[in-house]
>>> print(open('work36.cif').read())   # mmCIF, C-alpha atoms and all ligand atoms
data_coords
loop_
_atom_site.label_atom_id
_atom_site.label_comp_id
_atom_site.auth_asym_id
_atom_site.auth_seq_id
_atom_site.Cartn_x
_atom_site.Cartn_y
_atom_site.Cartn_z
CA MET B 30 -63.84 89.75 -53.49
CA PRO B 31 -60.27 90.00 -54.87
CA GLU B 32 -59.76 88.89 -58.47
CA GLY B 33 -58.60 85.30 -58.63
CA SER B 34 -60.67 84.20 -55.60
CA PRO B 35 -61.71 80.54 -55.82
CA VAL B 36 -65.27 79.97 -57.07
CA CYS B 37 -66.78 76.61 -56.09
CA ALA B 38 -69.86 75.01 -57.59
CA ALA B 39 -72.96 75.81 -55.52
CA ARG B 40 -74.65 72.62 -56.70
CA ALA B 41 -73.71 69.52 -58.67
CA GLY B 42 -74.44 69.55 -62.39
CA LEU B 43 -73.29 69.54 -65.99
CA VAL B 44 -71.19 72.36 -67.43
CA VAL B 45 -73.22 73.67 -70.39
CA ARG B 46 -71.54 76.98 -71.25
CA VAL B 47 -68.11 78.49 -70.76
CA VAL B 48 -66.76 81.89 -71.86
CA ALA B 49 -63.24 82.64 -70.64
CA GLY B 50 -61.33 84.66 -73.23
CA PHE B 51 -62.23 88.26 -72.36
CA ASP B 52 -60.00 90.59 -70.38
CA ARG B 53 -62.13 93.77 -70.49
CA GLY B 54 -64.45 95.18 -67.88
CA GLY B 55 -66.04 98.47 -66.85
CA ARG B 56 -69.22 100.32 -65.85
CA ALA B 57 -70.51 100.96 -69.41
CA ARG B 58 -73.48 98.84 -70.53
CA GLU B 59 -71.72 97.90 -73.75
CA MET B 60 -69.19 96.01 -71.61
CA GLN B 61 -71.92 93.43 -70.94
CA GLU B 62 -70.85 91.25 -73.86
CA PHE B 63 -67.32 90.90 -72.47
CA SER B 64 -68.19 88.99 -69.29
CA ASN B 65 -66.47 85.66 -68.87
CA LEU B 66 -68.98 83.19 -67.49
CA LEU B 67 -69.75 79.64 -66.55
CA ILE B 68 -73.19 77.99 -66.61
CA ILE B 69 -73.90 74.73 -64.79
CA GLN B 70 -77.15 72.85 -65.41
CA HIS B 71 -78.51 71.16 -62.28
CA ALA B 72 -80.47 67.90 -62.16
CA ASP B 73 -83.78 69.83 -61.79
CA GLY B 74 -83.10 71.75 -65.02
CA THR B 75 -82.17 75.04 -63.34
CA LEU B 76 -79.01 76.84 -64.40
CA GLY B 77 -76.42 78.17 -61.96
CA GLU B 78 -74.59 81.09 -63.58
CA TYR B 79 -71.26 82.56 -62.49
CA LEU B 80 -70.29 85.85 -64.16
CA HIS B 81 -67.45 88.39 -64.48
CA LEU B 82 -64.82 85.65 -64.15
CA GLN B 83 -61.11 86.21 -64.67
CA LYS B 84 -59.59 85.79 -68.13
CA ASN B 85 -58.85 82.05 -68.54
CA GLY B 86 -60.43 81.71 -65.10
CA VAL B 87 -62.84 78.90 -65.92
CA LEU B 88 -61.33 75.65 -64.74
CA VAL B 89 -63.89 73.26 -66.26
CA LYS B 90 -65.13 72.67 -69.82
CA VAL B 91 -68.49 72.09 -71.46
CA GLY B 92 -69.61 68.51 -70.79
CA ASP B 93 -67.81 68.18 -67.44
CA GLU B 94 -69.84 66.85 -64.51
CA VAL B 95 -69.12 68.79 -61.29
CA LYS B 96 -69.97 68.19 -57.67
CA ALA B 97 -71.13 70.81 -55.14
CA GLY B 98 -68.02 72.44 -53.73
CA ASP B 99 -65.74 71.64 -56.71
CA LEU B 100 -63.38 74.46 -57.59
CA VAL B 101 -64.72 75.54 -60.99
CA ALA B 102 -63.47 79.08 -61.64
CA ARG B 103 -61.56 82.13 -60.47
CA SER B 104 -63.44 85.37 -59.90
CA GLY B 105 -62.62 88.48 -61.90
CA ASN B 106 -63.85 91.85 -63.08
CA THR B 107 -64.79 91.29 -66.74
CA GLY B 108 -67.89 92.55 -68.55
CA CYS B 109 -70.23 95.17 -67.10
CA SER B 110 -68.72 95.32 -63.65
CA THR B 111 -67.94 98.17 -61.27
CA GLY B 112 -65.25 96.25 -59.42
CA PRO B 113 -63.94 92.76 -58.71
CA HIS B 114 -66.84 90.54 -57.63
CA LEU B 115 -68.72 87.36 -58.42
CA HIS B 116 -72.24 87.61 -59.84
CA PHE B 117 -74.11 84.39 -59.12
CA HIS B 118 -77.72 83.66 -59.96
CA VAL B 119 -79.94 80.67 -60.68
CA ARG B 120 -82.38 80.64 -63.61
CA GLN B 121 -85.13 78.22 -64.54
CA PRO B 122 -85.75 78.06 -68.32
CA LEU B 123 -89.50 77.98 -69.00
CA ASP B 124 -90.11 77.42 -72.74
CA GLY B 125 -86.88 77.91 -74.60
CA TYR B 126 -87.39 81.68 -74.82
CA THR B 127 -88.25 82.81 -71.33
CA TRP B 128 -86.96 81.97 -67.89
CA ARG B 129 -87.60 82.86 -64.30
CA SER B 130 -85.08 83.77 -61.65
CA VAL B 131 -84.90 81.30 -58.76
CA PRO B 132 -84.48 82.93 -55.32
CA VAL B 133 -81.21 81.92 -53.69
CA ARG B 134 -80.26 82.18 -50.08
CA PHE B 135 -76.59 82.79 -49.40
CA TRP B 136 -74.84 80.93 -46.63
CA THR B 137 -73.17 83.73 -44.70
CA THR B 138 -71.14 83.83 -41.51
CA GLU B 139 -74.29 85.01 -39.72
CA ALA B 140 -76.20 82.01 -41.02
CA ALA B 141 -73.40 79.70 -39.89
CA GLU B 142 -73.50 81.28 -36.42
CA GLY B 143 -77.28 80.88 -36.37
CA ASN B 144 -76.74 77.20 -37.02
CA ARG B 145 -74.54 76.89 -33.95
CA GLY B 146 -77.62 77.65 -31.92
CA GLY B 147 -79.57 74.96 -33.75
CA ARG B 148 -81.42 77.35 -36.09
CA ARG B 149 -81.02 76.69 -39.79
CA THR B 150 -80.98 80.07 -41.43
CA GLY B 151 -79.28 79.22 -44.71
CA GLU B 152 -79.59 76.63 -47.42
CA PRO B 153 -76.16 75.09 -47.96
CA GLU B 154 -76.93 73.44 -51.29
CA GLU B 155 -77.60 76.84 -52.87
CA ALA B 156 -74.44 78.68 -51.92
CA ALA B 157 -71.50 76.40 -51.18
CA VAL B 158 -69.48 78.95 -53.11
CA LEU B 159 -69.64 81.29 -50.14
CA ALA B 160 -69.33 78.70 -47.46
CA GLU B 161 -65.74 77.64 -48.13
CA SER B 162 -64.47 80.04 -45.51
CA GLY B 163 -63.45 77.59 -42.81
CA ALA B 164 -64.90 77.27 -39.34
CA GLY B 165 -66.93 80.19 -38.07
CA VAL B 166 -66.66 81.47 -34.54
CA GLY B 167 -69.80 82.16 -32.57
CA GLY B 168 -70.94 84.97 -30.34
CA PHE B 169 -69.93 83.29 -27.09
CA ALA B 170 -67.53 84.39 -24.35
CA THR B 171 -63.86 83.62 -25.04
CA HIS B 172 -61.07 82.94 -22.57
CA SER B 173 -57.30 82.49 -22.67
CA VAL B 174 -55.36 79.95 -20.63
CA ALA B 175 -52.41 81.64 -18.92
CA GLY B 176 -49.22 79.78 -19.78
CA GLY B 177 -50.75 78.08 -22.82
CA ASN B 178 -53.54 75.65 -23.54
CA GLN B 179 -51.39 72.65 -22.66
CA GLY B 180 -51.92 73.77 -19.03
CA ILE B 181 -55.38 72.16 -19.19
CA ALA B 182 -54.01 68.77 -20.25
CA LEU B 183 -51.14 68.95 -17.79
CA GLY B 184 -53.53 69.93 -15.00
CA LEU B 185 -55.72 66.93 -15.73
CA THR B 186 -52.72 64.57 -15.77
CA ARG B 187 -51.58 65.73 -12.34
CA ARG B 188 -54.35 63.71 -10.72
CA LEU B 189 -53.22 60.63 -12.62
CA ALA B 190 -49.59 61.00 -11.49
CA ASP B 191 -47.16 58.54 -13.09
CA ARG B 192 -49.91 56.62 -14.88
CA VAL B 193 -49.54 59.14 -17.70
CA GLN B 194 -46.66 58.51 -20.08
CA LEU B 195 -45.47 61.55 -21.97
CA ARG B 196 -43.10 61.44 -24.96
CA ALA B 197 -44.25 57.90 -25.75
CA PRO B 198 -46.19 57.96 -29.04
CA VAL B 199 -48.70 55.14 -29.40
CA GLU B 200 -47.59 52.82 -32.19
CA ARG B 201 -50.07 49.95 -32.13
CA ILE B 202 -53.49 49.20 -30.64
CA ALA B 203 -54.73 45.61 -30.61
CA TRP B 204 -58.43 45.49 -29.74
CA GLY B 205 -61.22 42.99 -29.36
CA ALA B 206 -64.05 41.86 -27.11
CA ASP B 207 -61.66 41.44 -24.17
CA GLY B 208 -60.26 45.00 -24.27
CA VAL B 209 -57.21 46.75 -25.70
CA ARG B 210 -53.43 46.32 -25.74
CA VAL B 211 -51.60 49.56 -26.47
CA ASN B 212 -47.93 49.63 -27.48
CA ALA B 213 -45.95 52.82 -27.02
CA ALA B 214 -42.20 53.35 -26.89
CA GLY B 215 -41.39 49.75 -26.08
CA SER B 216 -44.02 49.31 -23.36
CA GLU B 217 -47.41 47.62 -23.46
CA THR B 218 -50.51 48.72 -21.54
CA THR B 219 -53.69 46.66 -21.29
CA ALA B 220 -57.09 48.12 -20.50
CA ASP B 221 -60.82 47.47 -20.84
CA ALA B 222 -61.19 50.36 -23.28
CA ALA B 223 -59.27 53.22 -24.88
CA VAL B 224 -60.14 56.76 -25.92
CA ILE B 225 -58.26 57.72 -29.08
CA ALA B 226 -57.83 61.48 -29.16
CA VAL B 227 -55.06 61.99 -31.71
CA PRO B 228 -55.86 64.21 -34.70
CA ALA B 229 -57.35 62.38 -37.70
CA SER B 230 -54.40 63.67 -39.73
CA VAL B 231 -51.90 61.49 -37.83
CA ILE B 232 -54.01 58.47 -36.90
CA ASP B 233 -52.45 56.58 -39.81
CA GLY B 234 -49.27 56.51 -37.68
CA ILE B 235 -50.99 53.99 -35.38
CA VAL B 236 -51.44 50.35 -36.44
CA PHE B 237 -54.86 49.02 -35.46
CA ASP B 238 -55.16 45.27 -35.10
CA PRO B 239 -57.66 44.41 -36.49
CA PRO B 240 -57.93 47.49 -38.75
CA LEU B 241 -60.66 50.02 -37.96
CA PRO B 242 -63.92 49.18 -39.73
CA GLY B 243 -64.70 50.88 -43.04
CA ALA B 244 -67.11 53.62 -41.90
CA THR B 245 -64.77 54.84 -39.14
CA ALA B 246 -61.64 54.54 -41.29
CA SER B 247 -63.27 56.43 -44.20
CA ALA B 248 -64.64 59.18 -41.95
CA LEU B 249 -61.20 59.68 -40.38
CA ALA B 250 -59.44 59.66 -43.76
CA ALA B 251 -61.88 62.28 -45.10
CA VAL B 252 -61.11 64.87 -42.42
CA ARG B 253 -59.26 67.84 -43.96
CA TYR B 254 -57.10 70.18 -41.91
CA GLY B 255 -56.78 73.96 -42.16
CA GLN B 256 -53.39 75.63 -42.01
CA ALA B 257 -52.18 78.37 -39.73
CA ALA B 258 -48.97 80.16 -38.81
CA LYS B 259 -48.11 82.52 -35.98
CA LEU B 260 -45.29 85.01 -35.66
CA PHE B 261 -44.36 86.46 -32.27
CA LEU B 262 -42.18 89.57 -32.12
CA PRO B 263 -41.01 90.87 -28.73
CA LEU B 264 -41.46 94.63 -28.36
CA ALA B 265 -38.84 97.06 -27.13
CA GLU B 266 -41.64 99.37 -25.90
CA ASP B 267 -45.06 98.55 -24.39
CA ALA B 268 -48.09 98.92 -26.64
CA PRO B 269 -51.80 99.10 -25.76
CA PRO B 270 -54.16 96.31 -26.94
CA SER B 271 -54.83 96.56 -30.66
CA ALA B 272 -55.56 94.47 -33.73
CA THR B 273 -54.88 95.34 -37.35
CA LEU B 274 -55.68 93.32 -40.45
CA SER B 275 -53.44 93.36 -43.50
CA VAL B 276 -55.96 92.92 -46.30
CA PRO B 277 -53.47 92.28 -49.15
CA ASP B 278 -51.35 89.86 -47.11
CA ARG B 279 -54.27 88.33 -45.20
CA PHE B 280 -52.86 88.26 -41.68
CA TRP B 281 -53.58 89.95 -38.35
CA THR B 282 -51.14 91.69 -36.07
CA PHE B 283 -52.30 92.22 -32.50
CA THR B 284 -51.08 93.38 -29.11
CA GLN B 285 -52.79 92.39 -25.88
CA LEU B 286 -52.66 92.58 -22.11
CA ALA B 287 -50.73 90.09 -19.96
CA PRO B 288 -52.69 87.83 -17.55
CA ASP B 289 -51.92 90.33 -14.72
CA GLY B 290 -53.62 93.13 -16.70
CA GLY B 291 -50.35 94.87 -17.51
CA PRO B 292 -48.97 95.34 -21.02
CA LEU B 293 -47.63 92.24 -22.79
CA PRO B 294 -44.51 93.37 -24.71
CA VAL B 295 -45.14 91.09 -27.68
CA ALA B 296 -46.78 91.60 -31.08
CA GLY B 297 -48.57 88.47 -32.24
CA SER B 298 -49.43 87.85 -35.88
CA PHE B 299 -51.71 85.17 -37.26
CA ALA B 300 -52.16 83.89 -40.80
CA GLY B 301 -54.91 81.32 -41.19
CA SER B 302 -54.86 80.11 -44.80
CA PRO B 303 -52.42 78.32 -47.11
CA LEU B 304 -52.56 81.28 -49.51
CA ALA B 305 -51.57 83.77 -46.82
CA ILE B 306 -48.81 81.51 -45.53
CA GLU B 307 -47.43 81.18 -49.06
CA ARG B 308 -47.58 84.93 -49.73
CA LEU B 309 -45.67 85.59 -46.51
CA GLY B 310 -42.91 83.16 -47.54
CA VAL B 311 -43.22 81.32 -44.23
CA ALA B 312 -41.47 78.22 -45.63
CA GLU B 313 -38.28 80.29 -46.05
CA GLY B 314 -38.42 81.77 -42.53
CA PRO B 315 -39.88 84.84 -40.83
CA ASP B 316 -38.14 87.64 -42.78
CA ARG B 317 -40.84 88.50 -45.32
CA TRP B 318 -43.54 88.38 -42.64
CA ILE B 319 -41.50 90.59 -40.28
CA ALA B 320 -41.16 93.16 -43.09
CA ALA B 321 -44.93 93.00 -43.68
CA VAL B 322 -45.61 93.54 -39.94
CA ARG B 323 -43.27 96.55 -39.95
CA ASP B 324 -45.14 98.00 -42.93
CA LEU B 325 -48.52 97.36 -41.30
CA ARG B 326 -47.58 98.53 -37.80
CA PRO B 327 -44.80 101.15 -37.97
CA ASP B 328 -45.95 102.21 -34.48
CA LEU B 329 -44.61 98.98 -32.89
CA ALA B 330 -40.93 98.75 -31.83
CA VAL B 331 -40.47 95.10 -32.86
CA ARG B 332 -37.30 93.17 -31.98
CA ALA B 333 -36.95 91.16 -35.18
CA GLU B 334 -33.87 89.28 -33.96
CA ASP B 335 -35.96 87.50 -31.29
CA ALA B 336 -38.82 86.48 -33.61
CA VAL B 337 -40.55 83.15 -33.00
CA LEU B 338 -42.36 81.59 -35.96
CA SER B 339 -44.74 78.64 -35.42
CA THR B 340 -46.35 76.52 -38.11
CA TRP B 341 -48.54 73.45 -37.82
CA ALA B 342 -48.44 71.79 -41.24
CA ASP B 343 -44.92 70.57 -40.48
CA ASP B 344 -45.68 69.40 -36.93
CA PRO B 345 -45.48 65.59 -37.25
CA TRP B 346 -47.98 65.16 -34.37
CA THR B 347 -50.75 67.24 -35.92
CA ARG B 348 -49.87 67.79 -39.62
CA GLY B 349 -52.26 70.73 -39.71
CA ALA B 350 -53.93 73.32 -37.51
CA TYR B 351 -57.52 72.15 -36.96
CA SER B 352 -60.18 70.25 -38.83
CA ALA B 353 -61.99 72.21 -41.53
CA HIS B 354 -65.67 71.66 -42.15
CA SER B 355 -66.99 72.97 -45.44
CA PHE B 356 -69.26 71.74 -48.17
CA ALA B 357 -66.29 70.35 -50.05
CA SER B 358 -64.93 68.73 -46.88
CA ARG B 359 -67.67 67.45 -44.63
CA LEU B 360 -67.12 65.99 -41.19
CA ASP B 361 -69.12 62.81 -40.71
CA GLU B 362 -69.63 63.44 -37.03
CA ALA B 363 -71.75 60.34 -36.45
CA ALA B 364 -69.07 58.02 -37.84
CA LEU B 365 -66.21 59.97 -36.26
CA CYS B 366 -67.51 59.67 -32.72
CA ARG B 367 -69.17 56.23 -32.88
CA PRO B 368 -67.38 53.74 -30.56
CA VAL B 369 -65.96 50.62 -32.16
CA GLY B 370 -65.90 47.79 -29.60
CA PRO B 371 -63.65 49.00 -26.76
CA LEU B 372 -62.37 51.95 -28.79
CA HIS B 373 -63.83 55.42 -28.20
CA PHE B 374 -62.94 58.55 -30.17
CA ALA B 375 -62.38 62.13 -29.02
CA GLY B 376 -60.63 65.25 -30.29
CA GLU B 377 -61.96 68.45 -31.81
CA HIS B 378 -62.62 66.76 -35.18
CA THR B 379 -65.25 64.56 -33.50
CA ALA B 380 -67.09 67.52 -31.94
CA GLY B 381 -69.52 68.42 -34.73
CA GLU B 382 -70.45 72.09 -34.60
CA TRP B 383 -67.74 72.73 -32.02
CA HIS B 384 -64.97 71.30 -34.18
CA ALA B 385 -61.72 73.27 -34.61
CA LEU B 386 -62.10 74.82 -31.16
CA MET B 387 -60.79 74.14 -27.66
CA GLU B 388 -64.43 73.96 -26.65
CA GLY B 389 -64.90 71.09 -29.12
CA ALA B 390 -61.86 69.25 -27.80
CA LEU B 391 -63.15 69.54 -24.21
CA ARG B 392 -66.72 68.59 -25.10
CA SER B 393 -65.52 65.56 -27.07
CA GLY B 394 -63.53 64.37 -24.04
CA ILE B 395 -66.58 64.67 -21.79
CA ARG B 396 -68.70 62.80 -24.33
CA ALA B 397 -66.13 59.97 -24.58
CA ALA B 398 -65.82 59.80 -20.78
CA ASN B 399 -69.62 59.53 -20.47
CA GLU B 400 -69.61 56.71 -23.02
CA LEU B 401 -67.13 54.83 -20.85
CA ILE B 402 -68.98 55.50 -17.61
CA GLY B 403 -72.23 54.40 -19.23
CA ALA B 404 -70.64 51.32 -20.81
C1 LIG I 1 -52.74 78.40 -34.59
C2 LIG I 1 -53.93 77.88 -33.87
C3 LIG I 1 -54.80 78.77 -33.29
C4 LIG I 1 -55.94 78.32 -32.62
N1 LIG I 1 -56.74 79.22 -32.01
C5 LIG I 1 -57.81 78.78 -31.32
C6 LIG I 1 -58.64 79.70 -30.63
O1 LIG I 1 -58.40 80.90 -30.64
N2 LIG I 1 -59.70 79.20 -29.94
C7 LIG I 1 -59.98 77.88 -29.88
O2 LIG I 1 -60.95 77.48 -29.23
N3 LIG I 1 -59.20 76.97 -30.53
C8 LIG I 1 -58.13 77.40 -31.24
N4 LIG I 1 -57.34 76.51 -31.90
C9 LIG I 1 -57.77 75.10 -31.95
C10 LIG I 1 -57.45 74.30 -30.70
O3 LIG I 1 -56.09 74.49 -30.38
C11 LIG I 1 -57.72 72.83 -31.04
O4 LIG I 1 -59.07 72.69 -31.45
C12 LIG I 1 -57.48 71.92 -29.86
O5 LIG I 1 -56.18 72.07 -29.35
C13 LIG I 1 -57.66 70.49 -30.32
O6 LIG I 1 -57.46 69.64 -29.24
P1 LIG I 1 -57.35 68.09 -29.47
O7 LIG I 1 -57.13 67.46 -28.15
O8 LIG I 1 -58.46 67.59 -30.33
O9 LIG I 1 -56.05 67.90 -30.40
P2 LIG I 1 -54.54 68.32 -30.10
O10 LIG I 1 -54.47 69.49 -29.19
O11 LIG I 1 -53.89 68.41 -31.44
O12 LIG I 1 -53.99 67.07 -29.28
C14 LIG I 1 -53.70 65.86 -29.91
C15 LIG I 1 -52.48 65.27 -29.21
O13 LIG I 1 -52.23 63.97 -29.76
C16 LIG I 1 -50.83 63.78 -29.74
N5 LIG I 1 -50.49 62.66 -30.61
C17 LIG I 1 -50.44 62.60 -31.96
N6 LIG I 1 -50.10 61.34 -32.36
C18 LIG I 1 -49.95 60.61 -31.23
C19 LIG I 1 -49.60 59.25 -30.97
N7 LIG I 1 -49.34 58.38 -31.96
N8 LIG I 1 -49.54 58.84 -29.68
C20 LIG I 1 -49.80 59.68 -28.64
N9 LIG I 1 -50.13 61.00 -28.83
C21 LIG I 1 -50.20 61.44 -30.11
C22 LIG I 1 -50.29 65.13 -30.22
O14 LIG I 1 -48.94 65.24 -29.86
C23 LIG I 1 -51.20 66.09 -29.46
O15 LIG I 1 -50.64 66.40 -28.20
C24 LIG I 1 -56.19 76.93 -32.55
C25 LIG I 1 -55.31 76.02 -33.14
C26 LIG I 1 -54.20 76.49 -33.80
C27 LIG I 1 -53.26 75.49 -34.42
#
>>> encode(input="work36.cif", output="structure tokens")
Amino acid sequence: MPEGSPVCAARAGLVVRVVAGFDRGGRAREMQEFSNLLIIQHADGTLGEYLHLQKNGVLVKVGDEVKAGDLVARSGNTGCSTGPHLHFHVRQPLDGYTWRSVPVRFWTTEAAEGNRGGRRTGEPEEAAVLAESGAGVGGFATHSVAGGNQGIALGLTRRLADRVQLRAPVERIAWGADGVRVNAAGSETTADAAVIAVPASVIDGIVFDPPLPGATASALAAVRYGQAAKLFLPLAEDAPPSATLSVPDRFWTFTQLAPDGGPLPVAGSFAGSPLAIERLGVAEGPDRWIAAVRDLRPDLAVRAEDAVLSTWADDPWTRGAYSAHSFASRLDEAALCRPVGPLHFAGEHTAGEWHALMEGALRSGIRAANELIGA
């Protein structure tokens, strides 16, 4: 765990002890007294303890109340420590002098994947600190759509011919017991019902008349979006399939086969966190990232002049990459997909455990269609 990694509270509680001034660490036992630490007392009297934190890396003070998932510290390497890491344990004081250690189960990627199959193998309340890693991906078959994922939507619209209006953003939806009236680009469409499948991050661009009820509006407003950026560099020479991770810069560079099985003369790179995107200077253009790819993959003959950089935070129709479900940012699936009169809701953010994936988007559409057929 690199020094400076965010440490989030595993459980809610009261901050009862903070040490943050040390900047020394090492293997020797006498280093023990130099560990920066944070202790949070939980409602049941147990103490959650976070050790070896960075100098000045405690972001809360004694007396603060924190919630599970709050950012409370930055990890470090102080005290008796063989390398940068977070030591976390839970203690139960017994009589003022003695205590017992409370077993803690950590919420790992494996546990999250177990949950996709309906098995609960982890206890989220005990280890939110490790669960802030974004959506996991399960052990299921994966597929690519030749020509891009929009091919699925365009294929579906073909059967609807000119009843589909593209490049006409919906501006207003009036709804009631008698159906819906949808205004888009100067035209009005009436219908018995509507499925709203725009990302939660941009739904505030649509005026609902009357406004959406509180539970739906709050659930939509609470959805947080992850960030991602992609850099595509054409290659002057073919390269076999490969994937390399830059650990310090937190991005992947990969080469793959074309749909016909031949080489695809492009190096793709993916950065999937705000921190990585910032480190790569994406806001200023592709140059720093191209240099990092060249350092990482000197074997690839990249044509930097034809680079294509894509970002999603600045796309006005998504304002983010995909919904993020974590303990600090929960998706209220029940409220997100509950119909409101003639309005039905779809989109990956409504797909519960399948959120953030194409699979979730497709499943949510089928669920909404079944609601309409059953209505
Ligand atoms: C970089 C990146 C990599 C990804 N990689 C994978 C992957 O490997 N595997 C995977 O399964 N998933 C991946 N995903 C996620 C996947 O792309 C999404 O989960 C999926 O596209 C979501 O579909 P959706 O229909 O819910 O939303 P979207 O595809 O975002 O569609 C919403 C549509 O609503 C439109 N819209 C917005 N406002 C309005 C309005 N007012 N009126 C009309 N239309 C409007 C938008 O233009 C958009 O076309 C990735 C996403 C990103 C960004």
>>> residues_near_ligand(input="work36.cif", ligand="ligand LIG 1 (chain I)", cutoff="8 Å", atoms="all atoms listed in the file", output="ChimeraX atom specification")
/B:171,178-179,196-200,213,226-228,231-232,234-235,256-259,299,301,340-341,345-347,349-352,375-378,384-391
>>> closest_residue(input="work36.cif", among="B:Leu67, B:Val311, B:Ala38, B:Ala364", to="B:Ala244", atoms="only C-alpha atoms")
B:Ala364
>>> residues_around(input="work36.cif", residues="B:Asp221", least_positions_apart="3", cutoff="8 Å", atoms="all atoms listed in the file", output="number ranges by chain")
B: 207-209, 371
>>> closest_residue(input="work36.cif", among="B:Leu325, B:Gly370, B:Ala220, B:Leu360", to="B:Leu241", atoms="only C-alpha atoms")
B:Gly370
>>> residues_around(input="work36.cif", residues="B:Ser271", least_positions_apart="2", cutoff="7 Å", atoms="all atoms listed in the file", output="list of chain:residue names")
B:Pro269, B:Thr273, B:Phe283, B:Thr284, B:Gln285
>>> write_last_selection(input="work36.cif", atoms="C-alpha atoms", output="mmCIF file, keeping the file's coordinate frame")
data_model
loop_
_atom_site.group_PDB
_atom_site.id
_atom_site.type_symbol
_atom_site.label_atom_id
_atom_site.label_comp_id
_atom_site.auth_asym_id
_atom_site.auth_seq_id
_atom_site.Cartn_x
_atom_site.Cartn_y
_atom_site.Cartn_z
ATOM 1 C CA PRO B 269 -51.800 99.100 -25.760
ATOM 2 C CA THR B 273 -54.880 95.340 -37.350
ATOM 3 C CA PHE B 283 -52.300 92.220 -32.500
ATOM 4 C CA THR B 284 -51.080 93.380 -29.110
ATOM 5 C CA GLN B 285 -52.790 92.390 -25.880
#
>>> residues_near_point(input="work36.cif", point="(-65.2, 78.9, -56.4)", cutoff="8 Å", atoms="all atoms listed in the file", output="VMD selection string")
chain B and resid 34 to 38 98 to 104 158
>>> atom_distance(input="work36.cif", atom1="atom CA of B:Arg129", atom2="atom CA of B:Leu66")
18.9 Å
>>> residues_near_point(input="work36.cif", point="(-64.1, 49.8, -24.2)", cutoff="12 Å", atoms="only C-alpha atoms", output="PDB file with C-alpha atoms, keeping the file's coordinate frame")
ATOM      1  CA  TRP B 204     -58.430  45.490 -29.740  1.00  0.00           C
ATOM      2  CA  GLY B 205     -61.220  42.990 -29.360  1.00  0.00           C
ATOM      3  CA  ALA B 206     -64.050  41.860 -27.110  1.00  0.00           C
ATOM      4  CA  ASP B 207     -61.660  41.440 -24.170  1.00  0.00           C
ATOM      5  CA  GLY B 208     -60.260  45.000 -24.270  1.00  0.00           C
ATOM      6  CA  VAL B 209     -57.210  46.750 -25.700  1.00  0.00           C
ATOM      7  CA  ARG B 210     -53.430  46.320 -25.740  1.00  0.00           C
ATOM      8  CA  THR B 219     -53.690  46.660 -21.290  1.00  0.00           C
ATOM      9  CA  ALA B 220     -57.090  48.120 -20.500  1.00  0.00           C
ATOM     10  CA  ASP B 221     -60.820  47.470 -20.840  1.00  0.00           C
ATOM     11  CA  ALA B 222     -61.190  50.360 -23.280  1.00  0.00           C
ATOM     12  CA  ALA B 223     -59.270  53.220 -24.880  1.00  0.00           C
ATOM     13  CA  VAL B 224     -60.140  56.760 -25.920  1.00  0.00           C
ATOM     14  CA  ILE B 225     -58.260  57.720 -29.080  1.00  0.00           C
ATOM     15  CA  ARG B 367     -69.170  56.230 -32.880  1.00  0.00           C
ATOM     16  CA  PRO B 368     -67.380  53.740 -30.560  1.00  0.00           C
ATOM     17  CA  VAL B 369     -65.960  50.620 -32.160  1.00  0.00           C
ATOM     18  CA  GLY B 370     -65.900  47.790 -29.600  1.00  0.00           C
ATOM     19  CA  PRO B 371     -63.650  49.000 -26.760  1.00  0.00           C
ATOM     20  CA  LEU B 372     -62.370  51.950 -28.790  1.00  0.00           C
ATOM     21  CA  HIS B 373     -63.830  55.420 -28.200  1.00  0.00           C
ATOM     22  CA  PHE B 374     -62.940  58.550 -30.170  1.00  0.00           C
ATOM     23  CA  ALA B 397     -66.130  59.970 -24.580  1.00  0.00           C
ATOM     24  CA  ALA B 398     -65.820  59.800 -20.780  1.00  0.00           C
ATOM     25  CA  ASN B 399     -69.620  59.530 -20.470  1.00  0.00           C
ATOM     26  CA  GLU B 400     -69.610  56.710 -23.020  1.00  0.00           C
ATOM     27  CA  LEU B 401     -67.130  54.830 -20.850  1.00  0.00           C
ATOM     28  CA  ILE B 402     -68.980  55.500 -17.610  1.00  0.00           C
ATOM     29  CA  GLY B 403     -72.230  54.400 -19.230  1.00  0.00           C
ATOM     30  CA  ALA B 404     -70.640  51.320 -20.810  1.00  0.00           C
TER      31      ALA B 404
END
>>> atom_distance(input="work36.cif", atom1="atom CA of B:His118", atom2="atom CA of B:Ser302")
27.7 Å
>>> residues_around(input="work36.cif", residues="B:Asp238", least_positions_apart="5", cutoff="8 Å", atoms="all atoms listed in the file", output="list in words")
Arg201, Ile202, Ala203 and Trp204 of chain B
>>> axis_aligned_box(input="work36.cif", around="stretch 390-403 of chain B", padding_each_side="3 Å", output="lines of an AutoDock Vina configuration file")
center_x = -67.0
center_y = 62.0
center_z = -22.7
size_x = 16.4
size_y = 21.1
size_z = 16.2
>>> atom_distance(input="work36.cif", atom1="atom CA of B:Gly394", atom2="atom CA of B:Cys366")
10.6 Å
>>> closest_residue(input="work36.cif", among="B:Gly54, B:Gly125, B:Gly297, B:Gly74", to="B:Ala41", atoms="all atoms listed in the file")
B:Gly74
>>> closest_residue(input="work36.cif", among="B:Ala229, B:Ser64, B:Arg188, B:Ile181", to="B:Ala246", atoms="all atoms listed in the file")
B:Ala229
>>> closest_residue(input="work36.cif", among="B:Gly42, B:Gly33, B:Gly243, B:Gly112", to="B:Gly86", atoms="only C-alpha atoms")
B:Gly33
